[in-house]
Amino acid sequence: MHYPPELKYTTEHEWARVQGNRVTVGITDYAQDALGDVVYVELPQPGARVIQGQPFGVVESVKSVSDLFAPVSGTVTEVNTPLPNNPDLINREPYGQGWMIVVEMEDPSQLGHLFTAQQYERHVQEFQG
């Protein structure tokens with residue numbers, strides 16, 4: 001599994017790429033692998049408000065349906081519009097073209113609640129038992 005060191009991670013397996021007050025969000029390599037082939041994704045519209053730790057969308061695979069959780073609170077400024085028609089991008093490029101939303105972050109201190117890549121890797125190892 002690959003966990004880019006420049007990203008932050010949630011306990012629910014989302015990643016966050018921070019660029020100023022803008023946070024790009026997707027699911028981790030571990031999450032897409034555990035889900036299997038992604039066949040459907042439901043994302044919020046631009047302008048929607050998301051709350052840290054609360055669901056903002058849904059991803060469905062051949063194995064299961066899972067909520068997507070916001071790593072930070074804020075307003076959705078961009079949505080990866082090709083994703084609903086090409087959900088396999090999540091499996092092929094979870095940290096690239098498989099991104100989901102961009103959030104204008106309200107409170108940068110919330111980043112302190114997220115894992116570093118090293119912490120997330122340990123979390124995954126514990127999660128797997």
# chains A, B, ... in the order shown; residues from 1 in each chain; ligands from 1
>>> residues_around(residues="range 32-39 of chain A", least_positions_apart="2", cutoff="7 Å", atoms="only C-alpha atoms", output="mmCIF file with C-alpha atoms, in the first residue's frame")
data_model
loop_
_atom_site.group_PDB
_atom_site.id
_atom_site.type_symbol
_atom_site.label_atom_id
_atom_site.label_comp_id
_atom_site.auth_asym_id
_atom_site.auth_seq_id
_atom_site.Cartn_x
_atom_site.Cartn_y
_atom_site.Cartn_z
ATOM 1 C CA ILE A 27 -10.065 7.753 -0.228
ATOM 2 C CA THR A 28 -6.805 5.979 0.490
ATOM 3 C CA ASP A 29 -5.136 3.180 -1.412
ATOM 4 C CA TYR A 30 -6.040 0.895 1.493
ATOM 5 C CA GLU A 60 -20.348 1.733 -3.633
ATOM 6 C CA SER A 61 -18.310 -1.220 -4.800
ATOM 7 C CA VAL A 62 -19.019 -4.763 -5.848
ATOM 8 C CA LYS A 63 -18.449 -5.706 -2.179
ATOM 9 C CA SER A 64 -20.158 -2.981 -0.126
ATOM 10 C CA PRO A 87 -15.876 5.605 -10.614
ATOM 11 C CA ASP A 88 -13.063 3.198 -11.512
ATOM 12 C CA ILE A 90 -10.896 5.722 -7.547
ATOM 13 C CA ASN A 91 -9.325 2.273 -7.921
#
>>> atom_distance(atom1="CA of Tyr9 in chain A", atom2="CA of Glu42 in chain A")
20.5 Å
>>> residues_around(residues="Pro44 in chain A", least_positions_apart="3", cutoff="12 Å", atoms="only C-alpha atoms", output="NGL selection string")
:A and (41 or 47-50 or 55-58 or 68-70 or 75-81 or 84 or 100-103)
>>> select_by_dssp(residues="chain A", states="helix (DSSP H, G or I)", output="ChimeraX atom specification")
/A:29-35,83-85,89-92,108-113,117-127
>>> write_last_selection(atoms="N, CA and C atoms", output="JSON list (two decimals), in the first residue's frame")
[["chain", "number", "residue", "atom", "x", "y", "z"],
["A", 29, "ASP", "N", -5.45, 4.40, -0.68],
["A", 29, "ASP", "CA", -5.14, 3.18, -1.41],
["A", 29, "ASP", "C", -5.68, 1.97, -0.65],
["A", 30, "TYR", "N", -5.51, 1.98, 0.67],
["A", 30, "TYR", "CA", -6.04, 0.89, 1.49],
["A", 30, "TYR", "C", -7.55, 0.77, 1.33],
["A", 31, "ALA", "N", -8.27, 1.90, 1.37],
["A", 31, "ALA", "CA", -9.73, 1.88, 1.29],
["A", 31, "ALA", "C", -10.20, 1.36, -0.06],
["A", 32, "GLN", "N", -9.59, 1.86, -1.16],
["A", 32, "GLN", "CA", -10.04, 1.41, -2.47],
["A", 32, "GLN", "C", -9.75, -0.07, -2.66],
["A", 33, "ASP", "N", -8.63, -0.55, -2.10],
["A", 33, "ASP", "CA", -8.30, -1.97, -2.20],
["A", 33, "ASP", "C", -9.28, -2.82, -1.40],
["A", 34, "ALA", "N", -9.63, -2.35, -0.21],
["A", 34, "ALA", "CA", -10.58, -3.09, 0.64],
["A", 34, "ALA", "C", -11.98, -3.12, 0.01],
["A", 35, "LEU", "N", -12.36, -2.02, -0.64],
["A", 35, "LEU", "CA", -13.67, -1.95, -1.28],
["A", 35, "LEU", "C", -13.79, -2.88, -2.49],
["A", 83, "LEU", "N", -16.03, 11.87, -12.02],
["A", 83, "LEU", "CA", -15.99, 10.68, -11.17],
["A", 83, "LEU", "C", -17.28, 9.85, -11.19],
["A", 84, "PRO", "N", -18.47, 10.43, -11.08],
["A", 84, "PRO", "CA", -19.67, 9.59, -11.09],
["A", 84, "PRO", "C", -19.81, 8.74, -12.36],
["A", 85, "ASN", "N", -19.32, 9.24, -13.50],
["A", 85, "ASN", "CA", -19.38, 8.45, -14.74],
["A", 85, "ASN", "C", -18.17, 7.55, -14.92],
["A", 89, "LEU", "N", -11.86, 5.34, -11.57],
["A", 89, "LEU", "CA", -10.71, 6.21, -11.32],
["A", 89, "LEU", "C", -10.27, 6.12, -9.86],
["A", 90, "ILE", "N", -11.21, 5.85, -8.97],
["A", 90, "ILE", "CA", -10.90, 5.72, -7.55],
["A", 90, "ILE", "C", -9.96, 4.54, -7.34],
["A", 91, "ASN", "N", -10.20, 3.44, -8.04],
["A", 91, "ASN", "CA", -9.33, 2.27, -7.92],
["A", 91, "ASN", "C", -7.99, 2.48, -8.63],
["A", 92, "ARG", "N", -8.03, 3.10, -9.79],
["A", 92, "ARG", "CA", -6.81, 3.25, -10.59],
["A", 92, "ARG", "C", -5.89, 4.35, -10.07],
["A", 108, "PRO", "N", -8.29, 25.66, 10.34],
["A", 108, "PRO", "CA", -7.08, 24.88, 10.10],
["A", 108, "PRO", "C", -6.62, 24.05, 11.30],
["A", 109, "SER", "N", -7.05, 24.41, 12.51],
["A", 109, "SER", "CA", -6.64, 23.62, 13.68],
["A", 109, "SER", "C", -7.19, 22.19, 13.61],
["A", 110, "GLN", "N", -8.24, 21.97, 12.80],
["A", 110, "GLN", "CA", -8.79, 20.62, 12.66],
["A", 110, "GLN", "C", -7.79, 19.66, 12.04],
["A", 111, "LEU", "N", -6.83, 20.17, 11.31],
["A", 111, "LEU", "CA", -5.81, 19.31, 10.70],
["A", 111, "LEU", "C", -5.03, 18.54, 11.77],
["A", 112, "GLY", "N", -4.97, 19.09, 12.97],
["A", 112, "GLY", "CA", -4.29, 18.42, 14.07],
["A", 112, "GLY", "C", -4.94, 17.12, 14.49],
["A", 113, "HIS", "N", -6.19, 16.90, 14.07],
["A", 113, "HIS", "CA", -6.91, 15.66, 14.40],
["A", 113, "HIS", "C", -6.67, 14.56, 13.37],
["A", 117, "ALA", "N", 1.17, 10.27, 7.40],
["A", 117, "ALA", "CA", 1.24, 9.01, 6.65],
["A", 117, "ALA", "C", 1.74, 7.87, 7.54],
["A", 118, "GLN", "N", 2.74, 8.16, 8.36],
["A", 118, "GLN", "CA", 3.30, 7.13, 9.24],
["A", 118, "GLN", "C", 2.27, 6.69, 10.29],
["A", 119, "GLN", "N", 1.56, 7.65, 10.86],
["A", 119, "GLN", "CA", 0.53, 7.31, 11.85],
["A", 119, "GLN", "C", -0.60, 6.52, 11.19],
["A", 120, "TYR", "N", -0.97, 6.91, 9.97],
["A", 120, "TYR", "CA", -2.04, 6.21, 9.27],
["A", 120, "TYR", "C", -1.63, 4.78, 8.95],
["A", 121, "GLU", "N", -0.39, 4.59, 8.55],
["A", 121, "GLU", "CA", 0.08, 3.23, 8.25],
["A", 121, "GLU", "C", -0.01, 2.35, 9.49],
["A", 122, "ARG", "N", 0.36, 2.89, 10.65],
["A", 122, "ARG", "CA", 0.21, 2.14, 11.91],
["A", 122, "ARG", "C", -1.26, 1.84, 12.19],
["A", 123, "HIS", "N", -2.13, 2.83, 11.96],
["A", 123, "HIS", "CA", -3.58, 2.66, 12.15],
["A", 123, "HIS", "C", -4.10, 1.52, 11.29],
["A", 124, "VAL", "N", -3.70, 1.47, 10.04],
["A", 124, "VAL", "CA", -4.13, 0.41, 9.13],
["A", 124, "VAL", "C", -3.66, -0.95, 9.63],
["A", 125, "GLN", "N", -2.42, -1.02, 10.09],
["A", 125, "GLN", "CA", -1.90, -2.28, 10.62],
["A", 125, "GLN", "C", -2.69, -2.76, 11.83],
["A", 126, "GLU", "N", -3.05, -1.82, 12.71],
["A", 126, "GLU", "CA", -3.87, -2.17, 13.88],
["A", 126, "GLU", "C", -5.27, -2.56, 13.45],
["A", 127, "PHE", "N", -5.82, -1.84, 12.46],
["A", 127, "PHE", "CA", -7.17, -2.09, 11.95],
["A", 127, "PHE", "C", -7.26, -3.49, 11.36]]
>>> residues_around(residues="Val23 in chain A", least_positions_apart="5", cutoff="9 Å", atoms="only C-alpha atoms", output="list in words")
Ala16, Arg17, Val18, Pro71, Val72, Ile101, Val102, Val103, Glu104 and Met105 of chain A
>>> atom_distance(atom1="CA of Asn21 in chain A", atom2="CA of Met1 in chain A")
27.9 Å
>>> closest_residue(among="A:Glu93, A:Glu6, A:Asp107, A:Asp67", to="Gln54 in chain A", atoms="only C-alpha atoms")
A:Asp67
>>> closest_residue(among="A:Gln45, A:Tyr40, A:Trp15, A:Pro5", to="Asn86 in chain A", atoms="only C-alpha atoms")
A:Tyr40
